[in-house]
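Comments concern the structure below.
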Amino acid sequence: MEQSILPEIKKAAKKSLKSRENELAETSRQLEILNGGIFADGELPFFKDKIAEIGQFPLRPQKLEILQINVGYMCNQVCEHCHVDAGPDRKEIMTRETMEQCLEVIRNTGAHTLDLTGGAPEMNPNFRWFVEEAAKAGIQDFIVRSNLTIIRANKKYYDLPEFFKKHNVHVVSSMPHYTRGKTDKQRGDGVFDKSIKALQELNAVGYGMPDSSLRLDLVYNPSGAFLPGDQAAMERDFKKALKEDFDIDFHNLFAITNLPISRFLDYLIASDNYEDYMYALVEAYNPAAVSNVMCTNTISVSWDGWLYDCDFNQMLDLKVASKVKHIKDYNEDILNDRNIIISQHCYGCTAGAGSSCQGTVA
Amino acid sequence: MANSYYDPADLRKFGKITEWSEELGNKFFDYYGKVFEEGALSAREKSLIALAVSHVVKCPYCIDAYTKDGLQKGITKEEMMEAVHAGAAIESGATLVHGVQMMNKYNKLSM
């Protein structure tokens, strides 16, 4: 990349694609890119053809295990790789009425895991009420994806560790690296120090301690145009460094591949890495990961109640191919009888050991 | 035909060398894959050794590949640069140690 372009990208990245009126804010443009270029030219195979080789097309759901609810795109951070295009300027927030509809589903679902995400889910004004109500449904594993810095962003969030503990919430937090430089480069200046402080506070109430039932897992996304390394090796390195340098404990590290959509797609194109990245994903295609990709056991709900095969399809506005498309009409049996919508971004979930919101899958 | 001896896109085609000599190519790639697995040395340590050697043998494909591999393994840029220096030190040492041969020859030829 030309050195002179770098500062421009950095500067632009402080706002969402939507507020920058970037052409990639239009999901149709993103899909055009993913379906065109090196795939349309026949240089690389379409995902559909690749999974057809192993008899997995059309891709079908298995048993529903995870209900993932996105309570809004507002966030206190503007991470360069964010597939949600989240940021302080995003006003899409789940209303209490939609939350009521979600609660009805949570009380009756066969899923064993409830997974709240965003944006920063804590910024939804009804977040605490929603967690309190959802916790009563007694779902086995109740995850909140917290970006850590939110805990230190404002006094009103300082008690979040205690709040999570009270409702036995499983905290899953992003932490791109155990060094300051790499973390701040991806997520913004000061993010590393705030994240460290937040992790220490979570540890202080018992989260992440070796024998604690208060689960604290970290998510690692590569900070650039490369794939994550071996999850177990990364976990070992993270544990050693965070313990030695900051006396921090956590349970597991989930290594998640950045999918080529939204802001990460913008970064790939602007830095002239798009083609190499797609080659790397296709080259790392692992047929063994296909049967366990998260869309086969997850339903993703958007802030306005629409249903998707996964969070990535949500961001590409690819609603489920089912007559049940909205949480208000939710019916698990009908939903489970559908074909999953795929495109070339799906290679991100089948590369290497596979990737999902719960880490590797193969 | 490319107007340069090195084309970054050729790295993606590395695997194609088996097409013209399948048995030897496959044996090489099996061996190569095995070498870089976790063993008495970690895959991380081996990646740094590979990066240093890539510089010493001045292979642009290898430098691209092992910089990326290092990033994937969470290796920092400071660690990568130290590895390059380790390679460079051995390479310059290998040159300089021949200075002894020069000194020996000089002394032998001089009265």
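Here's how to read the names in the structure tokens: chain A, B, ... by the order shown, residue numbers from 1 in each chain, ligand numbers from 1 in the order shown.
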Exercise. Within 8 Å of range 83-98 of chain B, counting only C-alpha atoms, which residues show up once you throw out same-chain ones fewer than 5 positions away? Write them as a count of residues only, please.
Key: 7
Practice problem: Can you check which residues of chain B have any atom within 10 Å of chain A? Use only C-alpha atoms and format it as a PyMOL selection string. | Solution: chain B and resi 8-9+12+38+42-44+68-77
Exercise. Calculate how many Å separate CA of Pro210 in chain A from CA of Leu253 in chain A, rounding to one decimal.
Key: 13.8 Å
